[in-house]
Amino acid sequence: MRHLLSAADLDRDGAVHVLDVAEQMAATQRREIKKLPTLRGRTVVNLFFEDSTRTRTSFEAAAKRLSADVINFSAKGSSVSKGESLKDTALTLEAMGADAVVVRHSASGAPHRLAHAGWSRSAVVNAGDGTHEHPTQALLDAYTMRRHLRAAGSGHALGRDLHGVRVVIVGDVLHSRVARSNVLLLHTLGAHVTLVAPPTLLPVGVGTWPCEVSHDLDAALTGGAPDAVMTLRVQAERMTTTGGGFFPSAREYSRRYGLDRRRAALLPEHAIVMHPGPMNRGLEISADAADSARSTIVEQVGNGVAVRMAVLYLLLAGGEPAAPTPGGDS
Amino acid sequence: MTAARRVLLEGADVQRALTRIAHELLEANKGPDDLVLLGIPTRGVPLAQRLAARIAEVEGAHVPVGSLDVTMYRDDLRRNPTRGLLPTELPAGGVDDKVVVLVDDVLYSGRTVRAALDALSDLGRPRAVRLAVLVDRGHRELPIRADHVGKNLPTSSAERVSVLLAERDGRDAVEISTPAPAAGGER
């Protein structure tokens with residue numbers, strides 16, 4: 001793995017490997033001393049052109065727990081606000097010796113450009129690009145599902161995928177990079193995904209995605225018997241064109257697509273309720289559902305650190321395959 | 001590449017070596033009190049379990065066994081493709097103020113043991129740390145020695161030592177092969 005740009009970069013074994021490494025990383029985070037020396041001397045740059053709290057702090061915590069040096073670079077108050085191009089920013093970071101660049105950008109494809117334009121030798125991790133992808137979020141969601149649905153009791157989830165798990169993803173799929181990455185990754189891991197949204201909040205071409213699409217949340221919850229329901233944030237800040245018009249009113253959206261107490265009660269006993277955050281309480285999810293015992297929303301944040309540690313470890317810890325030393329090493 | 005293989009220890013030799021190490025551990029520690037055995041994955045873990053079983057036979061005492069993965073503490077991470085991680089599982093009592101015995105299959109450069117000592121110091125503060133290995137093949141690169149050795153095997157660094165254990169490989173044996181194949185199971 002050289003970069004992590006898309007959830008589609010991972011095949012089934014690769015994705016399971018990331019989740020297994022994350023499992024060991026999570027174990028180290030339950031210890032008194034959480035810091036590991038693994039990436040000492042490596043530099044990770046958080047390059048955030050778009051606001052983010054949990055993703056940036058999560059990557060920062062992950063890199064620091066592995067002893068990497070972290071440089072936070074946000075567009076506000078940087079040369080970017082003076083008109084510096086992505087290329088010049090990348091060249092600057094390369095000159096500073098960044099080993100990995102974690103990039104969030106409002107333009108879909110910016111991380112891809114950064115990785116493949118030949119501007120730098122750093123590993124690139126996509127931390128969310130426009131309405132395209134957010135692969136580490138999908139990994140932490142898959143990790144959370146695997147822990148709850150595949151490691152029942154104290155059993156180990158190691159080595160297991162999500163074959164046969166039924167997932168409903170409901171909400172603003174059109175503006176959601178989380179939805180796309182999740183559909184790709186969950187499909188790779190063998191899960192069965194149903195997207196639920198009003199037609200106005202589904203992207204063009206959603207019919208070609210490896211999932212089912214529905215406009216009726218109640219039917220998806222009662223008929224599908226999902227093991228996990230993921231609600232997506234209504235991204236009001238991206239609904240600015242011609243005054244929105246994606247749905248008639250917040251109240252109507254909430255009635256038809258919000259996860260409230262009644263709908264949560266329709267779920268099977270073991271099903272979990274997820275949300276990538278930040279939440280609009282009362283819009284796509286009621287406080288009741290968000291704070292219920294089956295909600296994994298807070299846990300997802302913690303799992304995010306373990307998963308990002310795994311990704312940074314897999315991208316940065318190894319070197320070029322060297323000539324084998326005779327007799328190995330012990 | 002066809003490697004000439006020689007068997008250096010048969011199954012019964014491995015058993016005898018482990019039995020002796022178990023007795024040595026008890027003797028050096030004046031009994032099983034406060035002993036904790038930590039195997040270094042992969043083959044150190046079944047070895048540690050066997051040592052604990054031997055101690056149980058001899059003393060009737062239960063000695064806690066755990067595993068200690070040292071991958072994230074290695075100094076050669078950047079010289080190799082990324083390795084997967086293996087579980088670190090400490091026994092319930094932890095390692096604080098215990099006599100921790102690190103158990104591995106082959107002692108060679110000493111770098112794995114150095115990594116294990118670093119990993120251990122992040123997990124607690126043992127009263128003492130000992131090292132038990134099934135095979136010591138020499139060629140140390142660090143000032144590290146084993147307290148308990150199953151068999152000293154003078155080898156050339158071009159040779160390759162393979163420890164086979166019934167739990168993983170279906171039988172017990174220690175084999176040596178020359179010249180070294182490009183990749184293999186020895187660590």
# chains A, B, ... in the order shown; residues from 1 in each chain; ligands from 1
>>> residues_around(residues="B:Ile144", least_positions_apart="6", cutoff="10 Å", atoms="only C-alpha atoms", output="PyMOL selection string")
chain B and resi 107-111+113-114+131
>>> residues_around(residues="A:Gly159", least_positions_apart="6", cutoff="9 Å", atoms="only C-alpha atoms", output="compact mmCIF listing (two decimals) with C-alpha atoms, in the first residue's frame")
# COMPACT_ATOMS: atom_id res chain seq x y z
CA ASP A 13 -7.65 -9.43 2.22
CA VAL A 16 -9.20 -7.35 6.62
CA HIS A 17 -5.47 -6.85 7.22
CA LEU A 19 -8.79 -4.08 10.45
CA ASP A 20 -6.61 -6.74 12.10
>>> select_by_dssp(residues="stretch 59-154 of chain B", states="helix (DSSP H, G or I)", output="ChimeraX atom specification")
/B:59,71-73,77-79,111-123
>>> write_last_selection(atoms="C-alpha atoms", output="PDB file, in the first residue's frame")
ATOM      1  CA  GLU B  59       5.529 -28.029  41.209  1.00  0.00           C
ATOM      2  CA  THR B  71       7.005  -5.734  15.966  1.00  0.00           C
ATOM      3  CA  MET B  72       6.349  -2.070  16.701  1.00  0.00           C
ATOM      4  CA  TYR B  73       9.568  -1.825  18.709  1.00  0.00           C
ATOM      5  CA  LEU B  77      11.095  -2.016  10.398  1.00  0.00           C
ATOM      6  CA  ARG B  78      12.275   0.264   7.643  1.00  0.00           C
ATOM      7  CA  ARG B  79      14.572  -2.396   6.202  1.00  0.00           C
ATOM      8  CA  ARG B 111      17.675  -7.403  18.243  1.00  0.00           C
ATOM      9  CA  THR B 112      14.339  -9.084  18.890  1.00  0.00           C
ATOM     10  CA  VAL B 113      15.190  -9.308  22.591  1.00  0.00           C
ATOM     11  CA  ARG B 114      16.202  -5.650  22.674  1.00  0.00           C
ATOM     12  CA  ALA B 115      12.826  -4.776  21.139  1.00  0.00           C
ATOM     13  CA  ALA B 116      11.122  -7.029  23.685  1.00  0.00           C
ATOM     14  CA  LEU B 117      12.824  -5.231  26.571  1.00  0.00           C
ATOM     15  CA  ASP B 118      11.592  -1.896  25.216  1.00  0.00           C
ATOM     16  CA  ALA B 119       8.082  -3.256  24.735  1.00  0.00           C
ATOM     17  CA  LEU B 120       8.112  -4.681  28.248  1.00  0.00           C
ATOM     18  CA  SER B 121       9.137  -1.398  29.838  1.00  0.00           C
ATOM     19  CA  ASP B 122       6.058   0.229  28.301  1.00  0.00           C
ATOM     20  CA  LEU B 123       3.857  -2.397  29.922  1.00  0.00           C
TER      21      LEU B 123
END
>>> interface_residues(of="chain A", to="chain B", cutoff="12 Å", atoms="only C-alpha atoms", output="PDB file with N, CA and C atoms, in the first residue's frame")
ATOM      1  N   MET A   1       0.856  -1.185   0.000  1.00  0.00           N
ATOM      2  CA  MET A   1       0.000   0.000   0.000  1.00  0.00           C
ATOM      3  C   MET A   1       0.898   1.244   0.000  1.00  0.00           C
ATOM      4  N   ARG A   2       0.784   2.052  -1.019  1.00  0.00           N
ATOM      5  CA  ARG A   2       1.619   3.246  -1.139  1.00  0.00           C
ATOM      6  C   ARG A   2       0.846   4.482  -0.670  1.00  0.00           C
ATOM      7  N   GLY A  14      -6.736  -7.205   1.866  1.00  0.00           N
ATOM      8  CA  GLY A  14      -6.076  -5.976   2.288  1.00  0.00           C
ATOM      9  C   GLY A  14      -6.894  -5.248   3.345  1.00  0.00           C
ATOM     10  N   VAL A  16      -9.193  -6.574   5.381  1.00  0.00           N
ATOM     11  CA  VAL A  16      -9.196  -7.354   6.624  1.00  0.00           C
ATOM     12  C   VAL A  16      -7.874  -7.160   7.361  1.00  0.00           C
ATOM     13  N   HIS A  17      -6.781  -7.066   6.594  1.00  0.00           N
ATOM     14  CA  HIS A  17      -5.467  -6.854   7.222  1.00  0.00           C
ATOM     15  C   HIS A  17      -5.438  -5.521   7.967  1.00  0.00           C
ATOM     16  N   VAL A  18      -5.957  -4.464   7.342  1.00  0.00           N
ATOM     17  CA  VAL A  18      -5.994  -3.160   8.020  1.00  0.00           C
ATOM     18  C   VAL A  18      -6.798  -3.273   9.317  1.00  0.00           C
ATOM     19  N   LEU A  19      -7.954  -3.955   9.256  1.00  0.00           N
ATOM     20  CA  LEU A  19      -8.794  -4.077  10.447  1.00  0.00           C
ATOM     21  C   LEU A  19      -8.091  -4.896  11.528  1.00  0.00           C
ATOM     22  N   ASP A  20      -7.335  -5.923  11.119  1.00  0.00           N
ATOM     23  CA  ASP A  20      -6.609  -6.743  12.097  1.00  0.00           C
ATOM     24  C   ASP A  20      -5.513  -5.932  12.772  1.00  0.00           C
ATOM     25  N   VAL A  21      -4.780  -5.142  11.977  1.00  0.00           N
ATOM     26  CA  VAL A  21      -3.738  -4.295  12.565  1.00  0.00           C
ATOM     27  C   VAL A  21      -4.388  -3.280  13.512  1.00  0.00           C
ATOM     28  N   ALA A  22      -5.542  -2.741  13.095  1.00  0.00           N
ATOM     29  CA  ALA A  22      -6.250  -1.781  13.949  1.00  0.00           C
ATOM     30  C   ALA A  22      -6.639  -2.424  15.276  1.00  0.00           C
ATOM     31  N   GLU A  23      -6.982  -3.699  15.222  1.00  0.00           N
ATOM     32  CA  GLU A  23      -7.347  -4.421  16.446  1.00  0.00           C
ATOM     33  C   GLU A  23      -6.178  -4.418  17.447  1.00  0.00           C
ATOM     34  N   GLN A  24      -4.967  -4.676  16.937  1.00  0.00           N
ATOM     35  CA  GLN A  24      -3.792  -4.665  17.814  1.00  0.00           C
ATOM     36  C   GLN A  24      -3.484  -3.251  18.291  1.00  0.00           C
ATOM     37  N   MET A  25      -3.684  -2.266  17.390  1.00  0.00           N
ATOM     38  CA  MET A  25      -3.460  -0.880  17.786  1.00  0.00           C
ATOM     39  C   MET A  25      -4.422  -0.496  18.908  1.00  0.00           C
ATOM     40  N   ALA A  26      -5.677  -0.918  18.785  1.00  0.00           N
ATOM     41  CA  ALA A  26      -6.674  -0.604  19.811  1.00  0.00           C
ATOM     42  C   ALA A  26      -6.250  -1.205  21.145  1.00  0.00           C
ATOM     43  N   ALA A  27      -5.658  -2.410  21.095  1.00  0.00           N
ATOM     44  CA  ALA A  27      -5.214  -3.046  22.340  1.00  0.00           C
ATOM     45  C   ALA A  27      -4.134  -2.205  23.015  1.00  0.00           C
ATOM     46  N   THR A  28      -3.245  -1.596  22.214  1.00  0.00           N
ATOM     47  CA  THR A  28      -2.195  -0.776  22.820  1.00  0.00           C
ATOM     48  C   THR A  28      -2.787   0.487  23.444  1.00  0.00           C
ATOM     49  N   GLN A  29      -3.948   0.910  22.960  1.00  0.00           N
ATOM     50  CA  GLN A  29      -4.543   2.141  23.467  1.00  0.00           C
ATOM     51  C   GLN A  29      -5.314   1.917  24.760  1.00  0.00           C
ATOM     52  N   ARG A  30      -5.410   0.669  25.192  1.00  0.00           N
ATOM     53  CA  ARG A  30      -6.034   0.392  26.493  1.00  0.00           C
ATOM     54  C   ARG A  30      -4.986   0.314  27.599  1.00  0.00           C
ATOM     55  N   ARG A  31      -3.705   0.496  27.212  1.00  0.00           N
ATOM     56  CA  ARG A  31      -2.644   0.415  28.207  1.00  0.00           C
ATOM     57  C   ARG A  31      -2.415   1.751  28.868  1.00  0.00           C
ATOM     58  N   GLU A  32      -1.646   1.688  29.942  1.00  0.00           N
ATOM     59  CA  GLU A  32      -1.333   2.925  30.638  1.00  0.00           C
ATOM     60  C   GLU A  32      -0.452   3.818  29.764  1.00  0.00           C
ATOM     61  N   ILE A  33       0.600   3.222  29.183  1.00  0.00           N
ATOM     62  CA  ILE A  33       1.466   3.975  28.276  1.00  0.00           C
ATOM     63  C   ILE A  33       0.991   3.691  26.854  1.00  0.00           C
ATOM     64  N   LYS A  34       0.407   4.719  26.242  1.00  0.00           N
ATOM     65  CA  LYS A  34      -0.235   4.499  24.943  1.00  0.00           C
ATOM     66  C   LYS A  34       0.700   4.765  23.783  1.00  0.00           C
ATOM     67  N   LYS A  35       1.839   5.349  24.072  1.00  0.00           N
ATOM     68  CA  LYS A  35       2.714   5.772  22.989  1.00  0.00           C
ATOM     69  C   LYS A  35       3.635   4.637  22.550  1.00  0.00           C
ATOM     70  N   LEU A  36       3.776   4.472  21.260  1.00  0.00           N
ATOM     71  CA  LEU A  36       4.645   3.449  20.687  1.00  0.00           C
ATOM     72  C   LEU A  36       5.751   4.148  19.902  1.00  0.00           C
ATOM     73  N   PRO A  37       6.938   3.561  19.848  1.00  0.00           N
ATOM     74  CA  PRO A  37       8.060   4.255  19.196  1.00  0.00           C
ATOM     75  C   PRO A  37       8.111   4.041  17.679  1.00  0.00           C
ATOM     76  N   THR A  38       7.094   3.388  17.136  1.00  0.00           N
ATOM     77  CA  THR A  38       7.185   2.807  15.799  1.00  0.00           C
ATOM     78  C   THR A  38       7.538   3.793  14.686  1.00  0.00           C
ATOM     79  N   LEU A  39       6.969   4.986  14.708  1.00  0.00           N
ATOM     80  CA  LEU A  39       7.203   5.929  13.594  1.00  0.00           C
ATOM     81  C   LEU A  39       8.092   7.091  14.025  1.00  0.00           C
ATOM     82  N   ARG A  40       8.984   6.817  14.987  1.00  0.00           N
ATOM     83  CA  ARG A  40       9.879   7.863  15.446  1.00  0.00           C
ATOM     84  C   ARG A  40      10.707   8.392  14.278  1.00  0.00           C
ATOM     85  N   GLY A  41      10.787   9.706  14.176  1.00  0.00           N
ATOM     86  CA  GLY A  41      11.572  10.293  13.094  1.00  0.00           C
ATOM     87  C   GLY A  41      10.796  10.502  11.811  1.00  0.00           C
ATOM     88  N   ARG A  42       9.572  10.012  11.770  1.00  0.00           N
ATOM     89  CA  ARG A  42       8.749  10.235  10.580  1.00  0.00           C
ATOM     90  C   ARG A  42       7.881  11.472  10.790  1.00  0.00           C
ATOM     91  N   ARG A  65       0.569   8.972  18.768  1.00  0.00           N
ATOM     92  CA  ARG A  65       0.673   7.726  19.532  1.00  0.00           C
ATOM     93  C   ARG A  65       1.744   6.811  18.942  1.00  0.00           C
ATOM     94  N   LEU A  66       2.043   7.006  17.653  1.00  0.00           N
ATOM     95  CA  LEU A  66       3.086   6.206  17.016  1.00  0.00           C
ATOM     96  C   LEU A  66       4.419   6.957  16.982  1.00  0.00           C
ATOM     97  N   SER A  67       4.498   8.062  17.715  1.00  0.00           N
ATOM     98  CA  SER A  67       5.724   8.851  17.849  1.00  0.00           C
ATOM     99  C   SER A  67       6.143   9.587  16.581  1.00  0.00           C
ATOM    100  N   HIS A 156     -12.754 -13.429  19.146  1.00  0.00           N
ATOM    101  CA  HIS A 156     -11.945 -12.548  18.322  1.00  0.00           C
ATOM    102  C   HIS A 156     -12.581 -12.327  16.960  1.00  0.00           C
ATOM    103  N   LEU A 158     -10.564 -11.229  14.611  1.00  0.00           N
ATOM    104  CA  LEU A 158      -9.388 -11.217  13.742  1.00  0.00           C
ATOM    105  C   LEU A 158      -9.581 -12.111  12.522  1.00  0.00           C
ATOM    106  N   GLY A 159      -9.191 -11.576  11.372  1.00  0.00           N
ATOM    107  CA  GLY A 159      -9.239 -12.355  10.143  1.00  0.00           C
ATOM    108  C   GLY A 159     -10.610 -12.428   9.509  1.00  0.00           C
ATOM    109  N   MET A 309      -4.170   4.790  13.135  1.00  0.00           N
ATOM    110  CA  MET A 309      -2.844   4.285  13.511  1.00  0.00           C
ATOM    111  C   MET A 309      -2.455   3.136  12.589  1.00  0.00           C
ATOM    112  N   ALA A 310      -3.412   2.259  12.326  1.00  0.00           N
ATOM    113  CA  ALA A 310      -3.122   1.113  11.459  1.00  0.00           C
ATOM    114  C   ALA A 310      -2.745   1.583  10.060  1.00  0.00           C
ATOM    115  N   VAL A 311      -3.485   2.555   9.538  1.00  0.00           N
ATOM    116  CA  VAL A 311      -3.216   3.043   8.188  1.00  0.00           C
ATOM    117  C   VAL A 311      -1.840   3.703   8.126  1.00  0.00           C
ATOM    118  N   LEU A 312      -1.525   4.545   9.110  1.00  0.00           N
ATOM    119  CA  LEU A 312      -0.212   5.201   9.110  1.00  0.00           C
ATOM    120  C   LEU A 312       0.899   4.172   9.275  1.00  0.00           C
ATOM    121  N   TYR A 313       0.652   3.180  10.134  1.00  0.00           N
ATOM    122  CA  TYR A 313       1.659   2.133  10.322  1.00  0.00           C
ATOM    123  C   TYR A 313       1.921   1.400   9.002  1.00  0.00           C
ATOM    124  N   LEU A 314       0.844   1.013   8.337  1.00  0.00           N
ATOM    125  CA  LEU A 314       1.004   0.217   7.112  1.00  0.00           C
ATOM    126  C   LEU A 314       1.631   1.043   5.988  1.00  0.00           C
ATOM    127  N   LEU A 315       1.365   2.359   5.984  1.00  0.00           N
ATOM    128  CA  LEU A 315       1.937   3.198   4.930  1.00  0.00           C
ATOM    129  C   LEU A 315       3.386   3.566   5.217  1.00  0.00           C
ATOM    130  N   LEU A 316       3.725   3.740   6.490  1.00  0.00           N
ATOM    131  CA  LEU A 316       5.005   4.365   6.814  1.00  0.00           C
ATOM    132  C   LEU A 316       6.034   3.466   7.475  1.00  0.00           C
ATOM    133  N   ALA A 317       5.601   2.412   8.150  1.00  0.00           N
ATOM    134  CA  ALA A 317       6.569   1.679   8.986  1.00  0.00           C
ATOM    135  C   ALA A 317       7.574   0.901   8.149  1.00  0.00           C
ATOM    136  N   GLY A 318       7.107   0.281   7.089  1.00  0.00           N
ATOM    137  CA  GLY A 318       7.987  -0.563   6.302  1.00  0.00           C
ATOM    138  C   GLY A 318       8.863   0.257   5.385  1.00  0.00           C
ATOM    139  N   GLY A 319       9.979  -0.346   4.974  1.00  0.00           N
ATOM    140  CA  GLY A 319      10.818   0.321   3.990  1.00  0.00           C
ATOM    141  C   GLY A 319      10.663  -0.356   2.653  1.00  0.00           C
ATOM    142  N   GLU A 320      11.527   0.025   1.745  1.00  0.00           N
ATOM    143  CA  GLU A 320      11.597  -0.684   0.476  1.00  0.00           C
ATOM    144  C   GLU A 320      12.050  -2.106   0.788  1.00  0.00           C
ATOM    145  N   PRO A 321      11.498  -3.107   0.091  1.00  0.00           N
ATOM    146  CA  PRO A 321      11.974  -4.460   0.323  1.00  0.00           C
ATOM    147  C   PRO A 321      13.478  -4.528   0.052  1.00  0.00           C
ATOM    148  N   ALA A 322      14.266  -4.774   1.097  1.00  0.00           N
ATOM    149  CA  ALA A 322      15.719  -4.813   0.943  1.00  0.00           C
ATOM    150  C   ALA A 322      16.159  -6.204   0.520  1.00  0.00           C
ATOM    151  N   ALA A 323      17.406  -6.293   0.120  1.00  0.00           N
ATOM    152  CA  ALA A 323      17.955  -7.613  -0.193  1.00  0.00           C
ATOM    153  C   ALA A 323      17.917  -8.446   1.081  1.00  0.00           C
ATOM    154  N   PRO A 324      17.439  -9.679   0.992  1.00  0.00           N
ATOM    155  CA  PRO A 324      17.312 -10.481   2.204  1.00  0.00           C
ATOM    156  C   PRO A 324      18.669 -10.734   2.838  1.00  0.00           C
ATOM    157  N   THR A 325      18.741 -10.531   4.141  1.00  0.00           N
ATOM    158  CA  THR A 325      19.973 -10.839   4.843  1.00  0.00           C
ATOM    159  C   THR A 325      19.989 -12.330   5.148  1.00  0.00           C
ATOM    160  N   PRO A 326      21.105 -12.984   4.905  1.00  0.00           N
ATOM    161  CA  PRO A 326      21.144 -14.423   5.128  1.00  0.00           C
ATOM    162  C   PRO A 326      20.875 -14.731   6.593  1.00  0.00           C
ATOM    163  N   GLY A 327      20.101 -15.771   6.797  1.00  0.00           N
ATOM    164  CA  GLY A 327      19.877 -16.201   8.156  1.00  0.00           C
ATOM    165  C   GLY A 327      18.821 -15.410   8.899  1.00  0.00           C
ATOM    166  N   GLY A 328      18.269 -14.429   8.263  1.00  0.00           N
ATOM    167  CA  GLY A 328      17.179 -13.683   8.890  1.00  0.00           C
ATOM    168  C   GLY A 328      17.676 -12.886  10.082  1.00  0.00           C
ATOM    169  N   ASP A 329      16.801 -12.649  11.012  1.00  0.00           N
ATOM    170  CA  ASP A 329      17.114 -11.798  12.138  1.00  0.00           C
ATOM    171  C   ASP A 329      16.342 -12.284  13.344  1.00  0.00           C
ATOM    172  N   SER A 330      17.017 -12.422  14.440  1.00  0.00           N
ATOM    173  CA  SER A 330      16.288 -12.875  15.606  1.00  0.00           C
ATOM    174  C   SER A 330      16.825 -12.226  16.863  1.00  0.00           C
TER     175      SER A 330
END
>>> residues_around(residues="B:Glu10", least_positions_apart="6", cutoff="7 Å", atoms="only C-alpha atoms", output="list of chain:residue names")
B:Asp172, B:Ala173, B:Val174
>>> closest_residue(among="A:Val183, A:Leu10, A:Val170, A:Ala225", to="A:Pro198", atoms="only C-alpha atoms")
A:Val170
>>> residues_around(residues="A:Tyr143", least_positions_apart="3", cutoff="12 Å", atoms="only C-alpha atoms", output="ChimeraX atom specification")
/A:15-23,26,136-140,146-151,157-162,182,185-186,189,296,299-308,310
>>> residues_around(residues="A:Cys211", least_positions_apart="3", cutoff="7 Å", atoms="only C-alpha atoms", output="ChimeraX atom specification")
/A:183,192-194
>>> select_by_dssp(residues="stretch 124-207 of chain A", states="strand (DSSP E)", output="PyMOL selection string")
chain A and resi 124-129+166-170+192-196
>>> write_last_selection(atoms="all heavy atoms", output="compact mmCIF listing (two decimals), in the first residue's frame")
# COMPACT_ATOMS: atom_id res chain seq x y z
N VAL A 124 0.21 9.54 0.54
CA VAL A 124 -0.95 10.42 0.65
C VAL A 124 -2.13 9.63 1.23
O VAL A 124 -2.43 8.53 0.76
CB VAL A 124 -1.33 11.02 -0.72
CG1 VAL A 124 -2.61 11.85 -0.60
CG2 VAL A 124 -0.19 11.86 -1.26
N VAL A 125 -2.76 10.19 2.24
CA VAL A 125 -3.97 9.60 2.80
C VAL A 125 -5.12 10.58 2.55
O VAL A 125 -5.04 11.75 2.92
CB VAL A 125 -3.84 9.35 4.32
CG1 VAL A 125 -5.09 8.68 4.85
CG2 VAL A 125 -2.60 8.52 4.62
N ASN A 126 -6.15 10.08 1.93
CA ASN A 126 -7.33 10.89 1.69
C ASN A 126 -8.15 10.97 2.97
O ASN A 126 -8.66 9.97 3.46
CB ASN A 126 -8.14 10.24 0.56
CG ASN A 126 -9.38 11.05 0.21
OD1 ASN A 126 -9.65 12.07 0.83
ND2 ASN A 126 -10.12 10.59 -0.79
N ALA A 127 -8.28 12.18 3.50
CA ALA A 127 -9.09 12.37 4.72
C ALA A 127 -10.42 13.05 4.36
O ALA A 127 -11.02 13.73 5.18
CB ALA A 127 -8.32 13.20 5.72
N GLY A 128 -10.86 12.83 3.13
CA GLY A 128 -12.12 13.41 2.68
C GLY A 128 -11.89 14.39 1.57
O GLY A 128 -11.26 15.43 1.77
N ASP A 129 -12.36 14.06 0.37
CA ASP A 129 -12.22 14.99 -0.76
C ASP A 129 -13.58 15.25 -1.39
O ASP A 129 -14.19 14.39 -1.97
CB ASP A 129 -11.21 14.48 -1.79
CG ASP A 129 -11.57 13.14 -2.41
OD1 ASP A 129 -12.27 12.35 -1.74
OD2 ASP A 129 -11.19 12.88 -3.56
N ARG A 166 -25.98 -6.98 7.05
CA ARG A 166 -26.90 -6.12 6.30
C ARG A 166 -26.84 -4.70 6.88
O ARG A 166 -27.04 -4.51 8.07
CB ARG A 166 -28.33 -6.68 6.38
CG ARG A 166 -28.42 -8.11 5.84
CD ARG A 166 -29.82 -8.66 5.97
NE ARG A 166 -30.73 -7.98 5.07
CZ ARG A 166 -30.88 -8.30 3.78
NH1 ARG A 166 -30.18 -9.29 3.27
NH2 ARG A 166 -31.73 -7.64 3.03
N VAL A 167 -26.54 -3.75 6.00
CA VAL A 167 -26.34 -2.37 6.45
C VAL A 167 -27.28 -1.44 5.69
O VAL A 167 -27.38 -1.52 4.46
CB VAL A 167 -24.88 -1.92 6.19
CG1 VAL A 167 -24.65 -0.51 6.72
CG2 VAL A 167 -23.89 -2.89 6.82
N VAL A 168 -27.97 -0.58 6.44
CA VAL A 168 -28.78 0.48 5.82
C VAL A 168 -28.05 1.80 6.05
O VAL A 168 -27.69 2.13 7.18
CB VAL A 168 -30.19 0.53 6.42
CG1 VAL A 168 -30.90 1.82 6.02
CG2 VAL A 168 -31.00 -0.69 5.99
N ILE A 169 -27.80 2.53 4.97
CA ILE A 169 -27.20 3.87 5.07
C ILE A 169 -28.25 4.86 4.60
O ILE A 169 -28.70 4.79 3.46
CB ILE A 169 -25.93 3.97 4.20
CG1 ILE A 169 -24.90 2.92 4.64
CG2 ILE A 169 -25.34 5.38 4.28
CD1 ILE A 169 -23.62 2.92 3.82
N VAL A 170 -28.67 5.77 5.51
CA VAL A 170 -29.78 6.64 5.19
C VAL A 170 -29.36 8.10 5.34
O VAL A 170 -28.65 8.46 6.27
CB VAL A 170 -31.01 6.34 6.09
CG1 VAL A 170 -30.65 6.40 7.57
CG2 VAL A 170 -32.17 7.26 5.78
N HIS A 192 -24.01 -6.47 2.73
CA HIS A 192 -25.09 -6.12 1.81
C HIS A 192 -25.60 -4.73 2.21
O HIS A 192 -26.08 -4.56 3.32
CB HIS A 192 -26.19 -7.17 1.94
CG HIS A 192 -27.36 -6.92 1.06
ND1 HIS A 192 -27.51 -7.52 -0.16
CD2 HIS A 192 -28.43 -6.11 1.23
CE1 HIS A 192 -28.63 -7.10 -0.72
NE2 HIS A 192 -29.21 -6.25 0.09
N VAL A 193 -25.43 -3.75 1.32
CA VAL A 193 -25.73 -2.37 1.68
C VAL A 193 -26.99 -1.88 0.96
O VAL A 193 -27.16 -2.13 -0.24
CB VAL A 193 -24.56 -1.43 1.32
CG1 VAL A 193 -24.85 0.00 1.77
CG2 VAL A 193 -23.27 -1.92 1.95
N THR A 194 -27.87 -1.20 1.70
CA THR A 194 -29.02 -0.52 1.10
C THR A 194 -28.90 0.97 1.41
O THR A 194 -28.80 1.35 2.58
CB THR A 194 -30.34 -1.05 1.68
OG1 THR A 194 -30.38 -2.47 1.52
CG2 THR A 194 -31.53 -0.43 0.97
N LEU A 195 -28.89 1.78 0.37
CA LEU A 195 -28.90 3.24 0.55
C LEU A 195 -30.33 3.71 0.56
O LEU A 195 -31.13 3.31 -0.30
CB LEU A 195 -28.15 3.93 -0.59
CG LEU A 195 -26.63 3.72 -0.68
CD1 LEU A 195 -26.09 4.38 -1.94
CD2 LEU A 195 -25.94 4.29 0.55
N VAL A 196 -30.68 4.57 1.52
CA VAL A 196 -32.03 5.12 1.57
C VAL A 196 -31.93 6.63 1.58
O VAL A 196 -31.24 7.21 2.43
CB VAL A 196 -32.77 4.65 2.84
CG1 VAL A 196 -34.20 5.19 2.84
CG2 VAL A 196 -32.78 3.13 2.94
>>> residues_around(residues="A:Asp172", least_positions_apart="2", cutoff="7 Å", atoms="only C-alpha atoms", output="MDAnalysis selection string")
chainID A and resid 174:176 197 201 232:235
>>> closest_residue(among="B:Lys98, B:Lys151, B:Arg6, B:Arg54", to="B:Asp33", atoms="only C-alpha atoms")
B:Lys98
>>> atom_distance(atom1="atom CA of A:Ala7", atom2="atom CA of A:Asp141")
11.9 Å
>>> closest_residue(among="B:Asp13, B:Asp34, B:Glu175, B:Asp169", to="B:Val95", atoms="only C-alpha atoms")
B:Asp34
>>> closest_residue(among="A:Ala95, A:Ser85, A:Val102, A:Leu283", to="A:Arg56", atoms="only C-alpha atoms")
A:Val102
>>> atom_distance(atom1="atom CA of A:Val44", atom2="atom CA of A:Leu91")
14.8 Å
>>> residues_around(residues="stretch 246-255 of chain A", least_positions_apart="5", cutoff="9 Å", atoms="only C-alpha atoms", output="number ranges by chain")
A: 198-201, 239, 260, 282-286
>>> atom_distance(atom1="atom CA of A:Leu114", atom2="atom CA of A:Thr89")
10.0 Å
